[in-house]
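Shown here: final24.txt, compact mmCIF, C-alpha atoms.
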# COMPACT_ATOMS: atom_id res chain seq x y z
CA MET A 1252 113.51 106.00 127.13
CA ALA A 1253 114.74 108.95 129.07
CA GLU A 1254 112.54 111.98 129.62
CA THR A 1255 114.81 114.19 127.49
CA GLU A 1256 114.46 112.14 124.28
CA PRO A 1257 112.03 113.26 121.56
CA ARG A 1258 108.71 111.47 121.54
CA LEU A 1259 106.26 110.46 118.86
CA VAL A 1260 103.09 112.43 119.59
CA TYR A 1261 99.56 111.67 118.37
CA GLY A 1262 98.19 114.77 116.71
CA HIS A 1263 94.84 115.98 115.47
CA GLY A 1264 93.16 113.99 112.69
CA GLY A 1265 95.05 110.75 113.23
CA GLU A 1266 98.44 112.23 112.32
CA PHE A 1267 101.63 111.57 114.22
CA THR A 1268 104.21 114.27 114.74
CA TRP A 1269 107.85 114.10 115.72
CA ALA A 1270 109.42 116.88 117.72
CA PHE A 1271 112.41 117.76 115.53
CA GLY A 1272 114.99 120.17 116.76
CA ASP A 1273 118.14 120.42 118.76
CA ASN A 1274 118.22 117.62 121.32
CA GLU A 1275 121.36 118.64 123.18
CA GLY A 1276 121.81 116.97 126.51
CA ALA A 1277 119.69 113.98 125.57
CA ALA A 1278 120.37 110.52 126.94
CA PRO A 1279 122.86 108.21 125.09
CA GLY A 1280 119.99 106.35 123.41
CA ALA A 1281 118.96 109.61 121.81
CA GLN A 1282 121.80 109.34 119.26
CA PHE A 1283 120.04 106.35 117.76
CA MET A 1284 116.77 108.27 117.73
CA ARG A 1285 118.45 111.30 116.10
CA ALA A 1286 119.79 109.03 113.36
CA LEU A 1287 116.40 107.34 112.96
CA ALA A 1288 114.27 110.50 112.94
CA PRO A 1289 115.21 111.76 109.41
CA ARG A 1290 114.59 108.31 107.96
CA LEU A 1291 111.20 108.04 109.64
CA ARG A 1292 110.27 111.52 108.47
CA ALA A 1293 111.26 110.69 104.87
CA ALA A 1294 109.25 107.46 105.03
CA TRP A 1295 106.17 109.29 106.33
CA LEU A 1296 106.45 111.92 103.62
CA LEU A 1297 106.74 109.22 100.95
CA MET A 1298 103.71 107.41 102.38
CA GLN A 1299 101.65 110.57 101.89
CA GLN A 1300 102.43 110.74 98.15
CA PRO A 1301 99.63 109.68 95.81
CA LEU A 1302 100.29 106.21 94.41
CA VAL A 1303 100.02 106.15 90.62
CA GLY A 1304 100.65 102.47 90.05
CA THR A 1305 102.80 99.42 90.59
CA SER A 1306 104.26 97.01 88.07
CA GLU A 1307 106.66 94.09 87.94
CA VAL A 1308 109.82 94.84 85.95
CA GLN A 1309 112.93 92.88 85.09
CA LEU A 1310 116.39 93.88 86.18
CA PRO A 1311 118.64 95.15 83.39
CA ARG A 1312 120.27 92.30 81.50
CA PRO A 1313 123.85 92.99 82.71
CA THR A 1314 122.68 92.94 86.32
CA ARG A 1315 120.71 89.71 85.83
CA ARG A 1316 123.71 88.04 84.17
CA ARG A 1317 126.08 89.17 86.94
CA LEU A 1318 123.74 87.75 89.61
CA GLN A 1319 123.34 84.47 87.72
CA ARG A 1320 127.12 84.19 87.31
CA ASP A 1321 127.53 84.60 91.09
CA GLY A 1322 124.98 81.83 91.69
CA HIS A 1323 122.02 83.99 92.70
CA GLU A 1324 118.57 83.94 91.20
CA PRO A 1325 117.56 87.50 90.15
CA PRO A 1326 114.80 88.66 92.51
CA PRO A 1327 111.51 90.02 91.18
CA VAL A 1328 111.45 93.80 91.19
CA ARG A 1329 108.30 95.79 91.86
CA LEU A 1330 108.30 99.34 90.50
CA VAL A 1331 106.14 101.72 92.55
CA GLU A 1332 105.31 105.03 90.87
CA ILE A 1333 104.36 107.72 93.37
CA ARG A 1334 104.06 110.60 90.94
CA ARG A 1335 102.46 110.99 87.56
CA PRO A 1336 104.99 110.48 84.73
CA GLU A 1337 105.87 113.47 82.58
CA PRO A 1338 103.91 113.62 79.31
CA VAL A 1339 105.84 112.35 76.31
CA GLY A 1340 105.02 114.78 73.54
CA GLY A 1341 108.31 116.10 72.28
CA GLY A 1342 106.72 119.50 71.71
CA THR A 1343 107.97 122.60 73.44
CA ASP A 1344 104.63 124.42 73.47
CA VAL A 1345 103.19 123.63 76.91
CA ALA A 1346 99.85 125.27 76.07
CA ALA A 1347 99.38 123.00 73.02
CA ASP A 1348 100.32 119.88 75.06
CA ARG A 1349 97.69 120.69 77.67
CA GLY A 1350 95.02 121.46 75.12
CA TYR A 1351 94.09 125.00 76.14
CA HIS A 1352 91.18 126.40 74.11
CA HIS A 1353 91.39 130.04 75.20
CA ARG A 1354 93.87 132.72 76.24
CA TRP A 1355 93.97 134.59 79.53
CA ILE A 1356 95.94 137.37 81.19
CA VAL A 1357 98.40 136.33 83.88
CA ARG A 1358 98.85 138.94 86.60
CA GLY A 1359 102.33 140.17 87.42
CA HIS A 1360 104.02 138.22 90.21
CA TRP A 1361 107.31 137.64 91.96
CA ARG A 1362 109.35 134.51 91.30
CA GLN A 1363 112.35 133.21 93.21
CA GLN A 1364 114.89 132.88 90.38
CA TRP A 1365 117.91 130.60 90.88
CA TYR A 1366 121.29 132.10 89.95
CA PRO A 1367 123.81 129.24 89.61
CA SER A 1368 126.82 131.57 89.41
CA ARG A 1369 125.97 133.02 92.83
CA GLN A 1370 124.33 129.87 94.24
CA VAL A 1371 121.36 131.88 95.56
CA HIS A 1372 117.71 132.56 94.83
CA ARG A 1373 116.75 136.16 94.12
CA PRO A 1374 113.26 137.64 93.67
CA VAL A 1375 112.46 138.58 90.07
CA TRP A 1376 109.33 140.43 88.92
CA ILE A 1377 107.44 138.65 86.15
CA ALA A 1378 105.40 141.22 84.20
CA PRO A 1379 101.75 140.60 83.30
CA HIS A 1380 101.41 138.67 80.06
CA VAL A 1381 98.89 136.77 77.92
CA LYS A 1382 99.03 132.99 78.16
CA GLY A 1383 97.46 130.37 75.90
CA PRO A 1384 97.44 129.56 72.18
CA GLY A 1385 97.73 132.58 69.89
CA ASP A 1386 94.66 131.81 67.80
CA ALA A 1387 92.28 131.18 70.74
CA PRO A 1388 89.77 133.73 72.08
CA LEU A 1389 90.82 135.90 75.03
CA LEU A 1390 88.93 135.40 78.28
CA GLY A 1391 88.47 138.17 80.78
CA GLY A 1392 87.09 141.65 80.82
CA ASP A 1393 85.25 141.15 84.12
CA LYS A 1394 87.88 142.81 86.29
CA VAL A 1395 88.72 146.48 86.01
CA ASN A 1396 91.47 148.12 88.06
CA VAL A 1397 91.12 151.84 88.67
CA TRP A 1398 93.81 154.00 90.21
CA LYS A 1399 91.95 157.02 91.45
CA ARG A 1400 93.23 159.98 93.41

Take the structure in this file and express it as structure tokens.
Amino acid sequence: MAETEPRLVYGHGGEFTWAFGDNEGAAPGAQFMRALAPRLRAAWLLMQQPLVGTSEVQLPRPTRRRLQRDGHEPPPVRLVEIRRPEPVGGGTDVAADRGYHHRWIVRGHWRQQWYPSRQVHRPVWIAPHVKGPGDAPLLGGDKVNVWKR
């Protein structure tokens, strides 16, 4: 490899880093490395995801039939779940789905709101509000804000 190509560097804590950036003027072999770098980065990011579980699943019936018609044996398919599946509750009340047993006050905060008509994110102020089931007791009272002159 030429001296100008990016290198895989051993970092602190057993992690490897890749020097991403503009590699103008790199050797001809660097084009292959530039094409490979995003794929390696995506693979490393996927490897860091928590593994929820694996299971053997069958291909959909039309796909199996098409493969058998073409003279191929359908291969076994292993499904790897890297994130927890969404809860199947059908309810729209998130607080009830999570089983909250009290209410609390959420401080005001900024949110980056997506505006599809403009294709941009804009900051929006979310006012303080009470969160949790309506019939549960309210937590808090420990913090007092005083605006004194």

Pairwise distance, CA of Leu1310 (chain A) with CA of Arg1329 (chain A), equals 10.1 Å

Distance of CA of Ala1387 (chain A) from CA of Arg1358 (chain A), expressed in Å to one decimal place
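Atom-to-atom, CA of Arg1358 (chain A) and CA of Ala1387 (chain A) are spaced 18.8 Å apart.
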
Could you name the residues that touch Asp1386 (chain A) at 10 Å or less, counting only C-alpha atoms, but leaving out those on the same chain fewer than 5 positions away, as a PyMOL selection string?
chain A and resi 1352-1354

Show which residues sit within 10 Å of region 1369-1376 of chain A, as an NGL selection string. Count all atoms listed in the file, and ignore same-chain residues fewer than 5 positions away.
:A and (1359-1364)

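Proximity of A:Met1284, A:Pro1388, A:Ile1333, A:Val1395 to Gln1300 (chain A), computed with all atoms listed in the file, is greatest for A:Ile1333.
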